[in-house]
Amino acid sequence: MDSVFKTEGNRLIREYDSEKVWIEPWGSDSLRVRATFLTTMEEKDWALLPVEDNEATLEIKEDQASITNGKIRAIMTAAGKITFYNQNGDLLLEEYVRNRKNVKDFCSALKIDAREFKANLGGDFQLTQHFESNPEERLYGMGQYQQPYLNLKNCTLELAQRNSQASVPFTLSSLGYGFLWNNPAIGQVTFGKNITEWTAKSTKQLDYWITAGDSPAEIEESYAKVTGTVPMMPEYGMGFWQCKLRYQTQEELLEVAREYKRRELPIDVIVIDYFHWPTQGDFRFDPEYWPDPEGMIDELEQMGIKLMVSIWPTIDKKSENYQEMLQKGYLTRTEKGIRITHDFLGNTVYFDSTNPGAREFVWEKAKKNYYDKGVRIFWLDEAEPEYNVYDFENYRYHLGSNAQVGNIYPMMFSKAFYDGMTEEGQENVVNLVRCAWAGSQRYGALVWSGDIDSSFESLKNQFTIGLNMGLAGIPWWTTDIGGFHGGDPNDEDFRECMIRWFQYGAFCPVFRLHGDREPHSEPLGASGGGMCPSGADNEVWSYGEEAYQIFKKYMQMRERLRPYIRRIMEEAHEKGTPLMRPLFYDFSHDLETWKIEDAYMFGPDLLVAPVMNQGQRSRTVYLPSGCKWTNAHTGTVHEGGTYVECDAPLDTIPLFLIEGADLSIQER
């Protein structure tokens with residue numbers, strides 16, 4: 001009998017019955033695995049970038065075959081089971097198989113294959129990939145999920161995009177590997193104690209990428225090489241961004257900017273939020289409320305402030321662009337029911353970001369009406385997209401059904417503007433976007449955590465989200481400081497939450513104030529940009545004198561850190577290094593750091609320990625071993641490998657400098 005294995009170049013292939021499996025090198029110390037029950041394998045790279053062929057060692061024996069690329073080795077049995085090892089022979093990941101196909105392995109009557117393809121009507125498959133679970137393993141990354149767990153072991157996560165949820169399916173393991181589920185289908189992953197399962201509701205094939213490394217940083221850098229890194233953050237991205245829901249007129253926005261300058265407060269960016277347009281999908285200013293965009297932008301530029309403008313992907317049926325976009329096939333389709341995908345202040349349909357023509361169309365409108373007037377930063381809102389009803393199976397795109405490709409939508413939205421801006425010659429593109437998928441970072445995506453609650457509980461969730469987003473390969477991340485939903489600037493309890501959040505925000509990759517504060521003001525009119533109400537004031541002077549002085553202190557501290565922030569932004573651009581990361585990223589040798597879920601490193605030199613509980617005025621901080629640490633506020637030096645108690649009055653967030661760091665935290 002002929003062997004089930006063969007090779008093509010550096011690719012190991014197993015063919016048995018209807019299944020084809022490919023394993024091939026894809027970047028240093030990394031392998032890509034694909035499998036299908038169709039006659040041909042699709043050559044779509046999805047999140048992955050094309051790579052030059054790596055040298056790999058392939059070996060075929062009677063009962064198994066192996067492929068080795070640097071520090072990773074895969075062994076596949078003749079029965080089809082795949083197991084991965086590092087260069088020391090340590091087990092990294094093993095498929096979960098429970099059948100009788102190979103009695104030399106664990107023999108089971110359960111009849112569960114590692115790779116299960118179950119046919120859907122129409123020709124695609126529901127796919128489940130099973131792996132064995134190591135109960136002691138710790139898993140991180142996966143993007144943005146509104147829950148408080150940094151270690152994702154024993155968690156179940158939906159592989160789908162929602163407002164405040166971003167599925168970025170890359171996980172970093174404490175066992176020394178990184179794993180990318182390279183499939184944009186709607187699905188689920190379960191990191192169970194007894195089994196790990198990845199599922200896709202509708203797909204043509206299995207596709208994942210795995211890498212081995214001796215440290216979290218090495219794994220992260222290998223991942224960045226095959227999915228891309230962020231551009232270099234422009235200088236205006238490193239300072240303070242002012243935003244609220246929503247500045248209703250040109251004069252209101254300019255007066256806020258002028259007040260920042262009168263108070264001599266540092267500010268780099270100010271933002272025009274949604275419904276500054278006549279109709280959703282027009283992609284232009286409403287002249288009644290924004291009569292002179294060029295003059296407004298000129299005045300802001302003279303003050304040293306950049307303008308960011310909100311773009312929604314919603315196209316109202318009354319928009320001047322709707323009929324042309326409908327005719328050209330540029331709109332998302334519904335499988336059943338009326339073709340409406342969002343109904344906020346109008347009946348709207350999302351444009352189809354997976355369609356290259358639709359991307360070019362939307363960019364050309366934005367270029368004419370915003371970019372050519374001087375706008376250089378865009379806020380790509382509603383980017384999941386946020387359907388009124390998350391019936392994922394009811395929507396269809398140019399690239400396929402939403403169930404099959406839906407998670408790629410936000411990445412393609414970012415790509416539309418990145419491509420357009422770079423074609424205009426702009427370098428170092430950064431656009432704020434409410435969602436992302438693996439690879440979004442290479443299109444200048446600055447992700448924020450969506451419409452979240454304004455509470456200490458929500459702040460704790462954002463803490464873990466920011467770290468897991470960085471480990472998922474999205475180093476540019478931020479929150480609405482103070483949360484989005486609710487919060488009255490005159491409420492003393494909310495003021496405390498706001499102060500603690502602001503302190504934390506000063507040590508996020510982007511330092512941005514936003515929120516829908518209470519009470520609301522009334523709409524200015526019945527049509528166009530006047531029909532949407534606004535939230536209460538949300539400037540740094542809106543929360544009373546005590547809060548204002550604390551905000552001012554941290555705005556000035558952020559400015560003093562600008563040279564340091566520039567340096568760690570360069571590391572993110574060059575190597576994919578997260579700006580904010582768990583302690584184990586820099587101190588993986590210290591096993592205690594893998595347990596710490598309430599402090600983080602902001603770059604290699606600064607340990608940040610936020611206060612995330614109401615009324616808390618002191619806290620315990622673990623300082624990693626191998627060096628000494630200096631309290632940035634008191635100057636006290638501590639030995640590493642110890643827990644220390646430190647004061648945290650309302651105006652203080654605990655900060656520690658690593659031995660030898662030269663950072664300007666305090667005024668000199």
# chains A, B, ... in the order shown; residues from 1 in each chain; ligands from 1
$ select_by_dssp --residues "region 26-250 of chain A" --states "helix (DSSP H, G or I)" --output "JSON, numbers by chain"
{"A": [216, 217, 218, 219, 220, 221, 222, 223, 224, 225, 226, 227, 235, 236, 237, 250]}
$ residues_around --residues "region 349-354 of chain A" --least-positions-apart "3" --cutoff "10 Å" --atoms "only C-alpha atoms" --output "JSON, numbers by chain"
{"A": [280, 281, 312, 313, 314, 315, 316, 317, 322, 325, 326, 329, 330, 331, 332, 333, 334, 339, 340, 341, 342, 343, 346, 357, 358, 359, 360, 361, 362, 382, 383, 385, 386, 387, 396, 397, 398, 399, 400, 405, 406, 408, 409, 410, 411, 412, 413, 414, 415, 416]}
$ select_by_dssp --residues "region 252-462 of chain A" --states "strand (DSSP E)" --output "ChimeraX atom specification"
/A:269-272,306-311,314-316,333-334,348-350,377-380,395-397,400-401,431-433,445-448
$ write_last_selection --atoms "N, CA, C and O atoms" --output "compact mmCIF listing (two decimals), in the first residue's frame"
# COMPACT_ATOMS: atom_id res chain seq x y z
N VAL A 269 -5.05 66.10 20.29
CA VAL A 269 -6.13 65.73 19.37
C VAL A 269 -7.46 66.12 20.00
O VAL A 269 -7.67 65.94 21.20
N ILE A 270 -8.37 66.63 19.17
CA ILE A 270 -9.76 66.86 19.58
C ILE A 270 -10.65 66.20 18.54
O ILE A 270 -10.28 66.08 17.38
N VAL A 271 -11.85 65.78 18.97
CA VAL A 271 -12.63 64.85 18.16
C VAL A 271 -14.04 65.35 17.88
O VAL A 271 -14.73 65.84 18.79
N ILE A 272 -14.46 65.19 16.62
CA ILE A 272 -15.86 65.39 16.24
C ILE A 272 -16.51 64.02 16.15
O ILE A 272 -16.14 63.20 15.31
N LYS A 306 -4.62 68.38 16.37
CA LYS A 306 -5.14 67.66 15.22
C LYS A 306 -6.63 67.37 15.43
O LYS A 306 -7.09 67.16 16.56
N LEU A 307 -7.37 67.33 14.32
CA LEU A 307 -8.79 67.01 14.37
C LEU A 307 -9.02 65.57 13.93
O LEU A 307 -8.53 65.15 12.88
N MET A 308 -9.77 64.82 14.72
CA MET A 308 -10.22 63.48 14.33
C MET A 308 -11.72 63.54 14.10
O MET A 308 -12.45 64.16 14.88
N VAL A 309 -12.19 62.86 13.04
CA VAL A 309 -13.59 62.89 12.66
C VAL A 309 -14.16 61.49 12.60
O VAL A 309 -13.53 60.57 12.05
N SER A 310 -15.37 61.32 13.14
CA SER A 310 -16.03 60.03 13.17
C SER A 310 -16.59 59.65 11.81
O SER A 310 -17.20 60.48 11.12
N ILE A 311 -16.38 58.38 11.43
CA ILE A 311 -16.95 57.80 10.22
C ILE A 311 -17.76 56.58 10.62
O ILE A 311 -17.25 55.68 11.28
N THR A 314 -22.55 53.04 8.19
CA THR A 314 -23.99 52.93 7.93
C THR A 314 -24.40 53.82 6.76
O THR A 314 -24.01 54.99 6.70
N ILE A 315 -25.22 53.28 5.87
CA ILE A 315 -25.70 54.03 4.72
C ILE A 315 -27.23 54.10 4.82
O ILE A 315 -27.93 53.10 4.67
N ASP A 316 -27.73 55.30 5.10
CA ASP A 316 -29.17 55.51 5.21
C ASP A 316 -29.80 55.40 3.82
O ASP A 316 -29.22 55.83 2.82
N ARG A 333 -25.76 42.49 2.52
CA ARG A 333 -27.06 41.90 2.22
C ARG A 333 -27.61 41.15 3.43
O ARG A 333 -26.85 40.69 4.27
N THR A 334 -28.92 41.02 3.46
CA THR A 334 -29.57 40.17 4.46
C THR A 334 -30.12 38.95 3.75
O THR A 334 -30.65 39.04 2.65
N THR A 348 -30.78 52.03 8.00
CA THR A 348 -29.47 52.00 7.37
C THR A 348 -29.01 50.57 7.07
O THR A 348 -29.47 49.60 7.68
N VAL A 349 -28.08 50.49 6.13
CA VAL A 349 -27.43 49.25 5.76
C VAL A 349 -25.93 49.49 5.84
O VAL A 349 -25.44 50.55 5.40
N TYR A 350 -25.17 48.53 6.35
CA TYR A 350 -23.71 48.68 6.41
C TYR A 350 -23.11 48.53 5.02
O TYR A 350 -23.52 47.66 4.24
N ILE A 377 -6.87 62.16 10.75
CA ILE A 377 -7.16 61.04 11.65
C ILE A 377 -8.66 60.75 11.56
O ILE A 377 -9.48 61.67 11.64
N PHE A 378 -9.00 59.50 11.39
CA PHE A 378 -10.41 59.11 11.31
C PHE A 378 -10.76 58.17 12.46
O PHE A 378 -9.95 57.38 12.92
N TRP A 379 -12.01 58.30 12.88
CA TRP A 379 -12.57 57.47 13.94
C TRP A 379 -13.56 56.52 13.27
O TRP A 379 -14.66 56.91 12.90
N LEU A 380 -13.15 55.27 13.09
CA LEU A 380 -13.94 54.28 12.37
C LEU A 380 -14.84 53.56 13.37
O LEU A 380 -14.49 52.52 13.92
N TYR A 395 -26.56 37.63 7.48
CA TYR A 395 -25.90 38.68 6.70
C TYR A 395 -24.89 38.07 5.74
O TYR A 395 -24.27 37.04 6.03
N ARG A 396 -24.72 38.73 4.60
CA ARG A 396 -23.82 38.22 3.57
C ARG A 396 -22.98 39.35 3.00
O ARG A 396 -23.46 40.46 2.78
N TYR A 397 -21.70 39.02 2.74
CA TYR A 397 -20.74 39.98 2.21
C TYR A 397 -20.23 39.53 0.84
O TYR A 397 -20.49 38.41 0.39
N GLY A 400 -18.33 36.32 1.17
CA GLY A 400 -19.06 35.14 1.60
C GLY A 400 -20.06 35.48 2.69
O GLY A 400 -20.26 36.64 3.05
N SER A 401 -20.68 34.47 3.24
CA SER A 401 -21.65 34.69 4.31
C SER A 401 -20.94 35.24 5.54
O SER A 401 -19.76 34.98 5.78
N ASN A 431 -5.68 55.33 12.87
CA ASN A 431 -7.11 55.59 12.90
C ASN A 431 -7.72 54.83 14.07
O ASN A 431 -7.42 53.66 14.29
N LEU A 432 -8.58 55.51 14.82
CA LEU A 432 -9.27 54.90 15.94
C LEU A 432 -10.39 54.02 15.40
O LEU A 432 -11.17 54.44 14.55
N VAL A 433 -10.47 52.78 15.89
CA VAL A 433 -11.45 51.84 15.37
C VAL A 433 -12.02 51.02 16.53
O VAL A 433 -11.30 50.68 17.47
N ALA A 445 -4.55 50.37 12.99
CA ALA A 445 -5.74 50.30 13.85
C ALA A 445 -5.38 50.59 15.30
O ALA A 445 -4.62 49.85 15.93
N LEU A 446 -5.94 51.67 15.82
CA LEU A 446 -5.92 51.96 17.25
C LEU A 446 -7.28 51.56 17.78
O LEU A 446 -8.29 52.21 17.49
N VAL A 447 -7.34 50.48 18.54
CA VAL A 447 -8.61 49.92 18.99
C VAL A 447 -8.97 50.47 20.36
O VAL A 447 -8.11 50.58 21.23
N TRP A 448 -10.23 50.82 20.52
CA TRP A 448 -10.69 51.14 21.87
C TRP A 448 -11.80 50.19 22.25
O TRP A 448 -12.36 49.49 21.41
$ closest_residue --among "A:Tyr149, A:Phe392, A:Phe656, A:Tyr585" --to "Asp605 (chain A)" --atoms "only C-alpha atoms"
A:Phe656
$ closest_residue --among "A:Lys204, A:Lys44, A:Arg566, A:Arg581" --to "Ile474 (chain A)" --atoms "only C-alpha atoms"
A:Arg581
$ closest_residue --among "A:Ala185, A:Ala160, A:Leu91, A:Ala436" --to "Ala212 (chain A)" --atoms "only C-alpha atoms"
A:Leu91
$ residues_around --residues "region 419-421 of chain A" --least-positions-apart "5" --cutoff "8 Å" --atoms "only C-alpha atoms" --output "list in words"
Glu360, Trp363, Glu364, Gln426, Val429 and Tyr443 of chain A
$ residues_around --residues "Thr40 (chain A)" --least-positions-apart "2" --cutoff "12 Å" --atoms "only C-alpha atoms" --output "number ranges by chain"
A: 15, 18-22, 34-38, 42-43, 204-205
$ residues_around --residues "Gly470 (chain A)" --least-positions-apart "4" --cutoff "8 Å" --atoms "only C-alpha atoms" --output "list in words"
Gly141, Gly143, Gly466, Ile474, Pro475, Trp476, Trp477, Thr577, Pro578, Leu579, Met580 and Arg581 of chain A
$ write_last_selection --atoms "C-alpha atoms" --output "PDB file, in the first residue's frame"
ATOM      1  CA  GLY A 141      -4.414  37.077  24.309  1.00  0.00           C
ATOM      2  CA  GLY A 143      -8.437  40.148  21.982  1.00  0.00           C
ATOM      3  CA  GLY A 466      -5.737  46.007  27.441  1.00  0.00           C
ATOM      4  CA  ILE A 474      -2.825  44.777  18.851  1.00  0.00           C
ATOM      5  CA  PRO A 475      -0.399  47.103  20.685  1.00  0.00           C
ATOM      6  CA  TRP A 476      -2.387  50.302  20.007  1.00  0.00           C
ATOM      7  CA  TRP A 477      -5.292  50.165  22.435  1.00  0.00           C
ATOM      8  CA  THR A 577       6.151  44.546  21.270  1.00  0.00           C
ATOM      9  CA  PRO A 578       3.043  45.426  23.328  1.00  0.00           C
ATOM     10  CA  LEU A 579       3.409  48.787  25.056  1.00  0.00           C
ATOM     11  CA  MET A 580       1.480  47.565  28.082  1.00  0.00           C
ATOM     12  CA  ARG A 581       2.032  43.930  29.022  1.00  0.00           C
TER      13      ARG A 581
END
$ residues_around --residues "Phe117 (chain A)" --least-positions-apart "6" --cutoff "7 Å" --atoms "only C-alpha atoms" --output "VMD selection string"
chain A and resid 125 to 128
$ residues_around --residues "Thr83 (chain A)" --least-positions-apart "6" --cutoff "10 Å" --atoms "only C-alpha atoms" --output "PDB file with all heavy atoms, in the first residue's frame"
ATOM      1  N   SER A  66       7.262  13.662   9.971  1.00  0.00           N
ATOM      2  CA  SER A  66       7.560  14.829  10.800  1.00  0.00           C
ATOM      3  C   SER A  66       8.054  15.972   9.938  1.00  0.00           C
ATOM      4  O   SER A  66       8.587  15.774   8.841  1.00  0.00           O
ATOM      5  CB  SER A  66       8.608  14.483  11.863  1.00  0.00           C
ATOM      6  OG  SER A  66       9.865  14.226  11.266  1.00  0.00           O
ATOM      7  N   ARG A  73       8.623  21.344  16.015  1.00  0.00           N
ATOM      8  CA  ARG A  73       8.550  20.092  15.260  1.00  0.00           C
ATOM      9  C   ARG A  73       7.143  19.532  15.377  1.00  0.00           C
ATOM     10  O   ARG A  73       6.553  19.513  16.463  1.00  0.00           O
ATOM     11  CB  ARG A  73       9.551  19.077  15.808  1.00  0.00           C
ATOM     12  CG  ARG A  73       9.593  17.751  15.025  1.00  0.00           C
ATOM     13  CD  ARG A  73      10.587  16.798  15.653  1.00  0.00           C
ATOM     14  NE  ARG A  73      10.782  15.602  14.824  1.00  0.00           N
ATOM     15  CZ  ARG A  73      10.875  14.370  15.295  1.00  0.00           C
ATOM     16  NH1 ARG A  73      10.806  14.151  16.605  1.00  0.00           N
ATOM     17  NH2 ARG A  73      11.063  13.348  14.480  1.00  0.00           N
ATOM     18  N   ALA A  74       6.581  19.118  14.241  1.00  0.00           N
ATOM     19  CA  ALA A  74       5.271  18.466  14.223  1.00  0.00           C
ATOM     20  C   ALA A  74       5.438  17.026  13.777  1.00  0.00           C
ATOM     21  O   ALA A  74       6.160  16.748  12.816  1.00  0.00           O
ATOM     22  CB  ALA A  74       4.326  19.197  13.285  1.00  0.00           C
ATOM     23  N   ILE A  75       4.788  16.133  14.478  1.00  0.00           N
ATOM     24  CA  ILE A  75       4.749  14.723  14.093  1.00  0.00           C
ATOM     25  C   ILE A  75       3.294  14.369  13.798  1.00  0.00           C
ATOM     26  O   ILE A  75       2.402  14.650  14.606  1.00  0.00           O
ATOM     27  CB  ILE A  75       5.308  13.820  15.205  1.00  0.00           C
ATOM     28  CG1 ILE A  75       6.792  14.104  15.435  1.00  0.00           C
ATOM     29  CG2 ILE A  75       5.093  12.358  14.862  1.00  0.00           C
ATOM     30  CD1 ILE A  75       7.399  13.299  16.572  1.00  0.00           C
ATOM     31  N   MET A  76       3.054  13.766  12.632  1.00  0.00           N
ATOM     32  CA  MET A  76       1.723  13.327  12.250  1.00  0.00           C
ATOM     33  C   MET A  76       1.747  11.819  12.028  1.00  0.00           C
ATOM     34  O   MET A  76       2.584  11.312  11.274  1.00  0.00           O
ATOM     35  CB  MET A  76       1.252  14.060  10.988  1.00  0.00           C
ATOM     36  CG  MET A  76      -0.159  13.681  10.561  1.00  0.00           C
ATOM     37  SD  MET A  76      -0.954  14.856   9.407  1.00  0.00           S
ATOM     38  CE  MET A  76       0.332  15.135   8.214  1.00  0.00           C
ATOM     39  N   THR A  77       0.854  11.131  12.698  1.00  0.00           N
ATOM     40  CA  THR A  77       0.793   9.679  12.533  1.00  0.00           C
ATOM     41  C   THR A  77       0.084   9.334  11.229  1.00  0.00           C
ATOM     42  O   THR A  77      -0.625  10.163  10.638  1.00  0.00           O
ATOM     43  CB  THR A  77       0.041   9.030  13.700  1.00  0.00           C
ATOM     44  OG1 THR A  77      -1.333   9.437  13.645  1.00  0.00           O
ATOM     45  CG2 THR A  77       0.640   9.421  15.038  1.00  0.00           C
ATOM     46  N   LEU A  91       6.614  18.640  24.967  1.00  0.00           N
ATOM     47  CA  LEU A  91       5.303  18.677  24.332  1.00  0.00           C
ATOM     48  C   LEU A  91       4.707  20.074  24.439  1.00  0.00           C
ATOM     49  O   LEU A  91       4.623  20.651  25.526  1.00  0.00           O
ATOM     50  CB  LEU A  91       4.370  17.666  25.003  1.00  0.00           C
ATOM     51  CG  LEU A  91       2.909  17.662  24.532  1.00  0.00           C
ATOM     52  CD1 LEU A  91       2.820  17.226  23.077  1.00  0.00           C
ATOM     53  CD2 LEU A  91       2.065  16.758  25.435  1.00  0.00           C
ATOM     54  N   LEU A  92       4.286  20.619  23.309  1.00  0.00           N
ATOM     55  CA  LEU A  92       3.630  21.921  23.284  1.00  0.00           C
ATOM     56  C   LEU A  92       2.119  21.785  23.158  1.00  0.00           C
ATOM     57  O   LEU A  92       1.362  22.347  23.938  1.00  0.00           O
ATOM     58  CB  LEU A  92       4.161  22.762  22.114  1.00  0.00           C
ATOM     59  CG  LEU A  92       5.644  23.109  22.133  1.00  0.00           C
ATOM     60  CD1 LEU A  92       6.019  23.861  20.862  1.00  0.00           C
ATOM     61  CD2 LEU A  92       5.994  23.939  23.368  1.00  0.00           C
ATOM     62  N   LEU A  93       1.679  21.039  22.151  1.00  0.00           N
ATOM     63  CA  LEU A  93       0.254  20.936  21.859  1.00  0.00           C
ATOM     64  C   LEU A  93       0.003  19.608  21.149  1.00  0.00           C
ATOM     65  O   LEU A  93       0.792  19.204  20.287  1.00  0.00           O
ATOM     66  CB  LEU A  93      -0.191  22.108  20.972  1.00  0.00           C
ATOM     67  CG  LEU A  93      -1.687  22.277  20.719  1.00  0.00           C
ATOM     68  CD1 LEU A  93      -2.437  22.558  22.015  1.00  0.00           C
ATOM     69  CD2 LEU A  93      -1.937  23.405  19.717  1.00  0.00           C
ATOM     70  N   GLU A  94      -1.095  18.959  21.504  1.00  0.00           N
ATOM     71  CA  GLU A  94      -1.390  17.623  20.979  1.00  0.00           C
ATOM     72  C   GLU A  94      -2.860  17.530  20.624  1.00  0.00           C
ATOM     73  O   GLU A  94      -3.727  17.954  21.400  1.00  0.00           O
ATOM     74  CB  GLU A  94      -1.038  16.583  22.052  1.00  0.00           C
ATOM     75  CG  GLU A  94      -1.354  15.156  21.693  1.00  0.00           C
ATOM     76  CD  GLU A  94      -1.056  14.199  22.839  1.00  0.00           C
ATOM     77  OE1 GLU A  94      -0.751  14.671  23.962  1.00  0.00           O
ATOM     78  OE2 GLU A  94      -1.139  12.977  22.615  1.00  0.00           O
ATOM     79  N   GLU A  95      -3.142  17.035  19.454  1.00  0.00           N
ATOM     80  CA  GLU A  95      -4.534  16.857  19.079  1.00  0.00           C
ATOM     81  C   GLU A  95      -5.224  15.839  19.985  1.00  0.00           C
ATOM     82  O   GLU A  95      -4.618  14.869  20.444  1.00  0.00           O
ATOM     83  CB  GLU A  95      -4.646  16.406  17.617  1.00  0.00           C
ATOM     84  CG  GLU A  95      -4.373  17.515  16.620  1.00  0.00           C
ATOM     85  CD  GLU A  95      -4.703  17.117  15.202  1.00  0.00           C
ATOM     86  OE1 GLU A  95      -4.487  15.938  14.838  1.00  0.00           O
ATOM     87  OE2 GLU A  95      -5.169  17.987  14.439  1.00  0.00           O
ATOM     88  N   TYR A  96      -6.490  16.098  20.214  1.00  0.00           N
ATOM     89  CA  TYR A  96      -7.342  15.214  21.025  1.00  0.00           C
ATOM     90  C   TYR A  96      -8.012  14.224  20.075  1.00  0.00           C
ATOM     91  O   TYR A  96      -8.802  14.610  19.207  1.00  0.00           O
ATOM     92  CB  TYR A  96      -8.373  16.063  21.756  1.00  0.00           C
ATOM     93  CG  TYR A  96      -9.371  15.316  22.612  1.00  0.00           C
ATOM     94  CD1 TYR A  96      -9.206  15.255  23.992  1.00  0.00           C
ATOM     95  CD2 TYR A  96     -10.498  14.719  22.065  1.00  0.00           C
ATOM     96  CE1 TYR A  96     -10.137  14.600  24.800  1.00  0.00           C
ATOM     97  CE2 TYR A  96     -11.435  14.059  22.855  1.00  0.00           C
ATOM     98  CZ  TYR A  96     -11.243  14.010  24.222  1.00  0.00           C
ATOM     99  OH  TYR A  96     -12.170  13.372  25.020  1.00  0.00           O
ATOM    100  N   PHE A 131      -8.073  19.677  20.775  1.00  0.00           N
ATOM    101  CA  PHE A 131      -6.729  19.504  21.315  1.00  0.00           C
ATOM    102  C   PHE A 131      -6.812  18.996  22.752  1.00  0.00           C
ATOM    103  O   PHE A 131      -7.757  19.316  23.486  1.00  0.00           O
ATOM    104  CB  PHE A 131      -5.945  20.824  21.311  1.00  0.00           C
ATOM    105  CG  PHE A 131      -5.569  21.324  19.950  1.00  0.00           C
ATOM    106  CD1 PHE A 131      -6.216  22.430  19.408  1.00  0.00           C
ATOM    107  CD2 PHE A 131      -4.571  20.707  19.207  1.00  0.00           C
ATOM    108  CE1 PHE A 131      -5.871  22.909  18.157  1.00  0.00           C
ATOM    109  CE2 PHE A 131      -4.217  21.186  17.954  1.00  0.00           C
ATOM    110  CZ  PHE A 131      -4.874  22.285  17.418  1.00  0.00           C
ATOM    111  N   GLU A 132      -5.796  18.242  23.139  1.00  0.00           N
ATOM    112  CA  GLU A 132      -5.663  17.872  24.544  1.00  0.00           C
ATOM    113  C   GLU A 132      -5.426  19.136  25.375  1.00  0.00           C
ATOM    114  O   GLU A 132      -4.876  20.129  24.892  1.00  0.00           O
ATOM    115  CB  GLU A 132      -4.484  16.915  24.740  1.00  0.00           C
ATOM    116  CG  GLU A 132      -4.601  15.595  23.989  1.00  0.00           C
ATOM    117  CD  GLU A 132      -5.541  14.611  24.669  1.00  0.00           C
ATOM    118  OE1 GLU A 132      -6.079  14.933  25.745  1.00  0.00           O
ATOM    119  OE2 GLU A 132      -5.726  13.509  24.110  1.00  0.00           O
TER     120      GLU A 132
END
$ closest_residue --among "A:Leu49, A:Leu650, A:Ile665, A:Val97" --to "Gly635 (chain A)" --atoms "only C-alpha atoms"
A:Ile665
$ closest_atom_pairs --of "region 226-273 of chain A" --to "region 283-305 of chain A" --cutoff "9 Å" --atoms "only C-alpha atoms" --output "JSON lines"
{"residue": "A:Tyr236", "atom": "CA", "partner": "A:Ile305", "partner_atom": "CA", "distance": 8.0}
{"residue": "A:Gln248", "atom": "CA", "partner": "A:Tyr289", "partner_atom": "CA", "distance": 7.2}
{"residue": "A:Thr249", "atom": "CA", "partner": "A:Tyr289", "partner_atom": "CA", "distance": 4.9}
{"residue": "A:Gln250", "atom": "CA", "partner": "A:Trp290", "partner_atom": "CA", "distance": 5.0}
{"residue": "A:Glu251", "atom": "CA", "partner": "A:Trp290", "partner_atom": "CA", "distance": 8.2}
{"residue": "A:Leu254", "atom": "CA", "partner": "A:Met296", "partner_atom": "CA", "distance": 7.2}
{"residue": "A:Ala257", "atom": "CA", "partner": "A:Leu300", "partner_atom": "CA", "distance": 7.5}
{"residue": "A:Arg258", "atom": "CA", "partner": "A:Met303", "partner_atom": "CA", "distance": 8.1}
{"residue": "A:Lys261", "atom": "CA", "partner": "A:Met303", "partner_atom": "CA", "distance": 7.4}
{"residue": "A:Ile267", "atom": "CA", "partner": "A:Ile305", "partner_atom": "CA", "distance": 6.7}
{"residue": "A:Asp268", "atom": "CA", "partner": "A:Ile305", "partner_atom": "CA", "distance": 4.9}
{"residue": "A:Val269", "atom": "CA", "partner": "A:Ile305", "partner_atom": "CA", "distance": 5.3}
{"residue": "A:Ile270", "atom": "CA", "partner": "A:Ile305", "partner_atom": "CA", "distance": 6.8}
$ closest_residue --among "A:Ser174, A:Ser449, A:Val226, A:Ile72" --to "His589 (chain A)" --atoms "only C-alpha atoms"
A:Ser174
$ closest_atom_pairs --of "region 473-503 of chain A" --to "region 544-559 of chain A" --cutoff "8 Å" --atoms "only C-alpha atoms" --output "Markdown table"
| residue | atom | partner | partner_atom | distance |
| --- | --- | --- | --- | --- |
| A:Asn490 | CA | A:Gly544 | CA | 7.7 |
| A:Arg495 | CA | A:Ala547 | CA | 7.1 |
| A:Ile499 | CA | A:Ala547 | CA | 6.4 |
| A:Phe502 | CA | A:Phe551 | CA | 6.9 |
| A:Gln503 | CA | A:Tyr554 | CA | 6.5 |
$ write_last_selection --atoms "C-alpha atoms" --output "short mmCIF file (atom, residue, chain, number, x, y, z; two decimals), in the first residue's frame"
data_model
loop_
_atom_site.label_atom_id
_atom_site.label_comp_id
_atom_site.auth_asym_id
_atom_site.auth_seq_id
_atom_site.Cartn_x
_atom_site.Cartn_y
_atom_site.Cartn_z
CA ASN A 490 -21.31 66.21 39.57
CA ARG A 495 -15.65 61.59 40.22
CA ILE A 499 -9.89 60.07 38.72
CA PHE A 502 -7.72 58.94 34.29
CA GLN A 503 -4.58 57.90 36.19
#
